[in-house]
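Notes follow once the structure below has been shown.
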Amino acid sequence: MKKYLNPEAEKEFRKDVNLREALRRRYADEPQLPVDFARKLQERICAENEKRHVGMRVEKRWRNVAAIVAGVLLVSGAVFAVVRWGGMMTPEAEAVAGSDSMAAKRTKDTKGAVVFDDVPLDSILTVVVGHYGKAVCFRDEEPKALRLSTSWKMEEPLGMFVNTLNEFDGLRLTEERDTVFVEQIEEEDEE
Amino acid sequence: MKEKKDIYELAEAARRGDAHACEVIVRECGQQVFSLVRRMVGNVLDAEEVTQDALMRGLQQMEQYDPSRASLATWFCRIAYRTALNHLRKAEVETLSLDDEESPTLQATDEQMVRLFQQPDETRVEQLQKAIEQLTEEEQMLVTWFYYEELSLKEIAYITQESVNALAVRLYRIRQKLYNLIKR
């Protein structure tokens with residue numbers, strides 16, 4: 001066996017024509033990689049990335065919530081101090097408070113419709129698709145930076161918004177299970 | 001694909017989910033990795049999943065890849081080999097190493113080995129086909145890489161992370177085992 005430890009071993013084994021032929025026959029009808037394998041791989045990568053981003057967003061959201069709670073406590077403390085030691089509000093302060101509540105009312109009037117004005121598609125979809133708890137996967141890079149002006153009603157199903165975006169030239173969005181896929185299409189494809 | 005920088009950029013794009021980058025990687029390395037995995041796990045559906053796992057893991061660990069040591073496909077094969085072994089262990093499929101096997105009962109002479117392996121003979125080929133089926137998954141992989149894929153011992157050693165000498169001894173023992181399986 002010692003001779004098979006020297007560099008000649010490889011040359012000696014290479015002469016095993018019967019073994020090579022036996023293996024060639026064994027793998028003669030070996031299955032090929034499915035044609036859509038690259039697409040499946042890409043979808044899985046997108047889904048994994050999205051999962052990671054959602055995790056980071058949730059973490060960030062909790063940090064924001066903590067910051068807001070801390071802010072509210074601070075402001076409450078300050079207001080309490082003013083009321084306790086500063087007495088009643090002045091008429092000017094009451095006017096400012098009144099104008100704030102008007103602003104809030106205006107916001108309430110347009111509640112449910114978010115207007116995107118010249119916003120990148122990537123950002124639009126992060127907001128909208130995230131609202132429905134789904135993931136976005138861009139099959140092409142180009143549409144990400146596409147800037148669009150559109151509006152979205154939160155109470156409507158995601159499919160309606162997808163249909164709205166599909167009306168833009170050169171853009172195709174498809175909903176597949178928990179993911180919205182975005183791709184760029186040629187004009188001929190549309191016809 | 002030759003330039004180190006290009007490969008890293010390609011891997012980075014694929015990690016972001018870029019369709020073109022994924023296509024290039026699958027075109028360059030996919031079939032080789034898939035064949036390796038399918039031969040180890042047997043089932044096509046499992047092989048697809050394990051291949052995906054291996055490619056994704058390889059992309060994540062790309063900073064460890066050294067193009068001067070192996071091609072990109074061989075790098076992914078190295079990851080795939082480990083991933084497939086883990087899959088088999090999880091599935092509790094018996095993957096005994098050669099060391100766990102009983103020693104061959106017959107020690108073939110060089111002349112007998114040459115007759116069996118190196119003198120073209122239809123009957124011998126058919127006998128070998130059946131005998132290969134009785135090897136363990138790891139043994140089958142080793143002969144497949146060496147004789148069918150025609151990888152060098154150095155390349156196989158890169159994938160299995162063993163020494164070239166250890167592999168040469170393993171191949172020698174597998175040949176002895178095949179001889180014994182046929183003689184029985």
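Chains: A, B, ... in order of the structure tokens. Residues: from 1 per chain. Ligands: from 1, in order shown.
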**Request:** Could you please select, counting only C-alpha atoms, the residues of chain A within 7 Å of chain B and state them as a ChimeraX atom specification?
**Result:** /A:4-5,9,15-24,26,32-33,38,41-42,45-46,139-141
Interface rows for segment 113-176 of chain B against segment 77-91 of chain B: nearest pair, Å to one decimal, 12 Å, only C-alpha atoms, as a tab-separated table:
```
residue	atom	partner	partner_atom	distance
B:Glu137	CA	B:Leu85	CA	9.4
B:Glu138	CA	B:Leu85	CA	8.9
B:Met141	CA	B:Tyr81	CA	9.4
B:Leu142	CA	B:Tyr81	CA	11.1
B:Trp145	CA	B:Cys77	CA	10.8
B:Leu151	CA	B:Cys77	CA	11.7
B:Glu155	CA	B:Arg78	CA	9.6
B:Ile156	CA	B:Arg78	CA	8.7
B:Ala157	CA	B:Arg78	CA	9.4
B:Tyr158	CA	B:Arg78	CA	7.0
B:Ile159	CA	B:Arg78	CA	4.0
B:Thr160	CA	B:Arg78	CA	6.6
B:Gln161	CA	B:Arg78	CA	8.2
B:Glu162	CA	B:Arg78	CA	11.4
```
Would you export the selected residues with N, CA and C atoms as a tab-separated table (two decimals), in the first residue's frame, please?
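In the end it all went to result-v8.tsv:
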```tsv
chain	number	residue	atom	x	y	z
B	137	GLU	N	-22.19	6.30	1.18
B	137	GLU	CA	-22.36	7.55	0.41
B	137	GLU	C	-21.03	8.27	0.21
B	138	GLU	N	-20.25	8.32	1.28
B	138	GLU	CA	-18.97	9.05	1.19
B	138	GLU	C	-18.00	8.37	0.22
B	141	MET	N	-19.13	9.05	-3.23
B	141	MET	CA	-18.78	10.42	-3.63
B	141	MET	C	-17.32	10.51	-4.06
B	142	LEU	N	-16.49	9.86	-3.30
B	142	LEU	CA	-15.05	9.93	-3.57
B	142	LEU	C	-14.73	9.36	-4.96
B	145	TRP	N	-16.17	11.69	-7.70
B	145	TRP	CA	-15.35	12.90	-7.96
B	145	TRP	C	-14.09	12.56	-8.74
B	151	LEU	N	-11.95	15.10	-10.91
B	151	LEU	CA	-11.28	16.08	-10.05
B	151	LEU	C	-9.95	15.46	-9.60
B	155	GLU	N	-8.00	18.67	-5.46
B	155	GLU	CA	-9.31	19.34	-5.44
B	155	GLU	C	-10.26	18.63	-4.47
B	156	ILE	N	-10.22	17.30	-4.49
B	156	ILE	CA	-11.11	16.55	-3.58
B	156	ILE	C	-10.70	16.83	-2.13
B	157	ALA	N	-9.40	16.89	-1.92
B	157	ALA	CA	-8.92	17.17	-0.56
B	157	ALA	C	-9.40	18.54	-0.09
B	158	TYR	N	-9.50	19.50	-1.02
B	158	TYR	CA	-10.00	20.84	-0.69
B	158	TYR	C	-11.46	20.75	-0.24
B	159	ILE	N	-12.23	19.93	-0.96
B	159	ILE	CA	-13.66	19.81	-0.64
B	159	ILE	C	-13.87	19.10	0.70
B	160	THR	N	-13.18	17.98	0.87
B	160	THR	CA	-13.42	17.18	2.09
B	160	THR	C	-12.56	17.63	3.27
B	161	GLN	N	-11.64	18.55	2.99
B	161	GLN	CA	-10.73	19.07	4.01
B	161	GLN	C	-9.89	17.96	4.66
B	162	GLU	N	-9.33	17.13	3.80
B	162	GLU	CA	-8.42	16.07	4.24
B	162	GLU	C	-7.09	16.25	3.53
```
**Asked** Could you write out, as an MDAnalysis selection string, all the residues of segment 106-150 of chain B that DSSP marks as helix (DSSP H, G or I)?
**Response** chainID B and resid 110:118 122:133 137:148
Take the residues just selected and output them with C-alpha atoms as a PDB file, in the first residue's frame.
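Output file out_4.pdb follows:
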```pdb
ATOM      1  CA  ASP B 110      -1.524  -5.625  -8.007  1.00  0.00           C
ATOM      2  CA  GLU B 111      -2.051  -7.991 -10.916  1.00  0.00           C
ATOM      3  CA  GLN B 112      -5.607  -8.813  -9.825  1.00  0.00           C
ATOM      4  CA  MET B 113      -6.379  -5.130  -9.381  1.00  0.00           C
ATOM      5  CA  VAL B 114      -5.072  -4.286 -12.838  1.00  0.00           C
ATOM      6  CA  ARG B 115      -7.199  -7.059 -14.338  1.00  0.00           C
ATOM      7  CA  LEU B 116     -10.338  -5.859 -12.566  1.00  0.00           C
ATOM      8  CA  PHE B 117      -9.974  -2.111 -13.039  1.00  0.00           C
ATOM      9  CA  GLN B 118      -7.692  -1.457 -15.940  1.00  0.00           C
ATOM     10  CA  GLU B 122     -17.799  -5.500 -20.257  1.00  0.00           C
ATOM     11  CA  THR B 123     -18.481  -8.044 -17.505  1.00  0.00           C
ATOM     12  CA  ARG B 124     -16.156  -6.254 -15.105  1.00  0.00           C
ATOM     13  CA  VAL B 125     -17.883  -2.950 -15.822  1.00  0.00           C
ATOM     14  CA  GLU B 126     -21.283  -4.461 -14.997  1.00  0.00           C
ATOM     15  CA  GLN B 127     -19.945  -6.049 -11.823  1.00  0.00           C
ATOM     16  CA  LEU B 128     -18.422  -2.759 -10.771  1.00  0.00           C
ATOM     17  CA  GLN B 129     -21.736  -0.946 -11.380  1.00  0.00           C
ATOM     18  CA  LYS B 130     -23.419  -3.267  -8.850  1.00  0.00           C
ATOM     19  CA  ALA B 131     -20.531  -3.129  -6.393  1.00  0.00           C
ATOM     20  CA  ILE B 132     -20.498   0.695  -6.370  1.00  0.00           C
ATOM     21  CA  GLU B 133     -24.106   0.610  -5.102  1.00  0.00           C
ATOM     22  CA  GLU B 137     -22.361   7.546   0.405  1.00  0.00           C
ATOM     23  CA  GLU B 138     -18.968   9.045   1.185  1.00  0.00           C
ATOM     24  CA  GLU B 139     -17.135   6.295  -0.675  1.00  0.00           C
ATOM     25  CA  GLN B 140     -19.437   6.688  -3.651  1.00  0.00           C
ATOM     26  CA  MET B 141     -18.780  10.422  -3.630  1.00  0.00           C
ATOM     27  CA  LEU B 142     -15.054   9.926  -3.571  1.00  0.00           C
ATOM     28  CA  VAL B 143     -14.961   7.577  -6.582  1.00  0.00           C
ATOM     29  CA  THR B 144     -17.477   9.781  -8.400  1.00  0.00           C
ATOM     30  CA  TRP B 145     -15.353  12.899  -7.961  1.00  0.00           C
ATOM     31  CA  PHE B 146     -12.186  11.132  -8.940  1.00  0.00           C
ATOM     32  CA  TYR B 147     -13.340   8.924 -11.829  1.00  0.00           C
ATOM     33  CA  TYR B 148     -16.490  10.602 -13.113  1.00  0.00           C
TER      34      TYR B 148
END
```
**Request:** Using only C-alpha atoms, determine which residues lie at most 9 Å from Phe161 of chain A, disregarding the query and same-chain residues fewer than 6 positions distant; provide the list as an MDAnalysis selection string.
**Result:** chainID A and resid 128 151:153
May I have the selected residues written with N, CA and C atoms, as a PDB file, in the first residue's frame?
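Result saved to selection-v3.pdb:
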```pdb
ATOM      1  N   VAL A 128     -46.084  50.353   2.084  1.00  0.00           N
ATOM      2  CA  VAL A 128     -47.401  49.777   1.785  1.00  0.00           C
ATOM      3  C   VAL A 128     -47.404  48.262   2.033  1.00  0.00           C
ATOM      4  N   SER A 151     -51.318  57.424  -4.728  1.00  0.00           N
ATOM      5  CA  SER A 151     -51.889  57.446  -3.378  1.00  0.00           C
ATOM      6  C   SER A 151     -52.354  56.040  -3.014  1.00  0.00           C
ATOM      7  N   TRP A 152     -52.475  55.841  -1.716  1.00  0.00           N
ATOM      8  CA  TRP A 152     -52.840  54.499  -1.217  1.00  0.00           C
ATOM      9  C   TRP A 152     -53.805  54.631  -0.055  1.00  0.00           C
ATOM     10  N   LYS A 153     -54.860  53.818  -0.126  1.00  0.00           N
ATOM     11  CA  LYS A 153     -55.815  53.803   0.991  1.00  0.00           C
ATOM     12  C   LYS A 153     -55.582  52.556   1.814  1.00  0.00           C
TER      13      LYS A 153
END
```
**Message:** Nearest residue to Tyr8 of chain B out of B:Leu59, B:Ala108, B:Val37, B:Leu135, using only C-alpha atoms?
**Reply:**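 When distances to Tyr8 of chain B are compared using only C-alpha atoms, the smallest one comes from B:Leu59.
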**Message:** If I take atom CA of Asn49 of chain A and atom CA of Pro157 of chain A, how far is one from the other in Å, to one decimal?
**Reply:** 24.5 Å
**Item:** Gap from atom CA of Val182 of chain A to atom CA of Lys144 of chain A - Å, one decimal
**Value:** 8.7 Å
**Nearest candidate to Gln61 of chain B (options B:Ala73, B:Met40, B:Ala11, B:Ile174; using only C-alpha atoms)** =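 Residue with the minimum atom-to-atom distance to Gln61 of chain B: B:Ala11.
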